[in-house]
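Asks: First, the structure itself, so that you have it in front of you.
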Amino acid sequence: MAGSQRVYRARIKSTQSLKKIFRAMELIAASRIGRARDAAARQRPYAAALTRAVSLAASHVGEEIRHPLLTERADVKRVALLVMAADRGMAGAYTANVLREAEAHAAELEQDGFQVDRYVVGRRALTYYEFRGVPVRRSWLGSSDSPTFPVAKEIAATLLDAFTAPASADDAVGQLHVVYTHFRNMVSQAPRIVRMLPLEFVEEVDDPEAITVVEERATAQIVKAEVFPLYSFEPSPAGVLDALLPRYVRSRILDCLLQAAASELANRQRAMHTATENAEDLVRKYTRLANQARQADITQEISEIVSGADALAAGR
Amino acid sequence: MAELSVEVADWEGQVWQGPAGFFTAPSVEGSIGIYPRHEPLLAILREGDVKIVPPEGPDVIVHITGGFLSVDSDIVTVVADEARLMTPAN
């Protein structure tokens, strides 16, 4: 009987050390989340200036804007799906949610006769696809919780290449869709699908509010402003637009990455908080069981002694 | 005298901000210099050094890897892909 007591004590000990790990991870996630949100906030003026410049250039190009990044490709029936998930687990259903959304979307696209090329950010998503034998064209690992500009640059360059590749190239795509987790606030993050390419222009009056509202819509759209002062351009309005649009895409991808990172960390913090609480519950439960086992041991010992004494008394 | 208000930013945030009397940047077609009261301009920049001449004190040099520049009513905004503030040479 003393055995079960020992087992409970061992479980309490291991659960306690697990609890310490969970707690540490919760704190790490909590401290990093602030950094991720700061990064997203710091990137905002950059993105705003870029958006303004793009819409400014667009409104100076004239009525007909012809640009490969703005034109729907009819020659390629393939869609690039960029999935942003986590490198590590321990973030609750974070990766599962993103993947569910991504696969539902991929199924829809395939039903519409598109071929889906998967591009993946985050090790967890890659192992998910590898396990299921789903081909992944390219993956970026190791920076899902702290994305940097160079990573965004590389992702954007790869996908822009695929989008502008001739139809004969085997990685040419006609559209780019991004699945990431939108960071609304600390308690609410939801997977979101955005059609990033081709970019879409909408005609609206110059109103910074309008730009932000449009950015929230499901496709990446650029507001074409009507009332800007007359600007001069170097090299030319079309040339400026040429140089700005890839940057715009890059900045949007970076924004998605940063939001995904903040969401991942928020999810991890929440998951680790729950795990810590569960560990506490377990410790309490095992302590109770251990006490019970000890009590049972004592009771048994007493009854053994008493019955031994009784037997002795009866034998006299 | 009118002066420029210059801001240099990259994706990590603001790199430098302040007043300037003169400003040069590496544009795709050479180099571009801006004095106060320049006409509104949007220019694409290549990799190179942005030089800001403040009203007083040494020049400020910021190295950028490309980006763009907008000028509007004496407000100069340089949005760089990546920008690094070089310590002013003494």
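How things are named: the first chain in the structure tokens is A, the next is B, and so on; residues count from 1 in each chain; ligands count from 1 in the order shown.
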Residues of chain A within 12 Å of chain B, counting only C-alpha atoms - could you list those as an NGL selection string?
Replies: :A and (35-58 or 60 or 147-150 or 152-153 or 228-248 or 250-252 or 254-255 or 258)
Asks: Would you please extract all strand (DSSP E or B) residues from range 53-178 of chain A, as assigned by DSSP on the backbone, and give them as a PyMOL selection string?
Replies: chain A and resi 78-84+91+93+115-121+138-140+175-178
Asks: I'd like to know which of B:Arg84, B:Val76, B:Glu47, B:Thr65 is closest to Gly33 in chain B, using only C-alpha atoms.
Replies: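 Of B:Arg84, B:Val76, B:Glu47, B:Thr65, the one nearest Gly33 in chain B, counting only C-alpha atoms, is B:Val76.
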Asks: As an exercise, work out the distance from CA of Ala102 in chain A to CA of Pro198 in chain A in Å and give it to one decimal place.
Replies: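 Rounded to one decimal, the two atoms are 18.9 Å apart.
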Asks: Give me the residues near Thr181 in chain A as a PyMOL selection string, where near means some atom within 9 Å (using only C-alpha atoms) and where sequence neighbours in that chain fewer than 5 positions away do not count.
Replies: chain A and resi 84-85+94+97-98+189-193+256-257+259-264
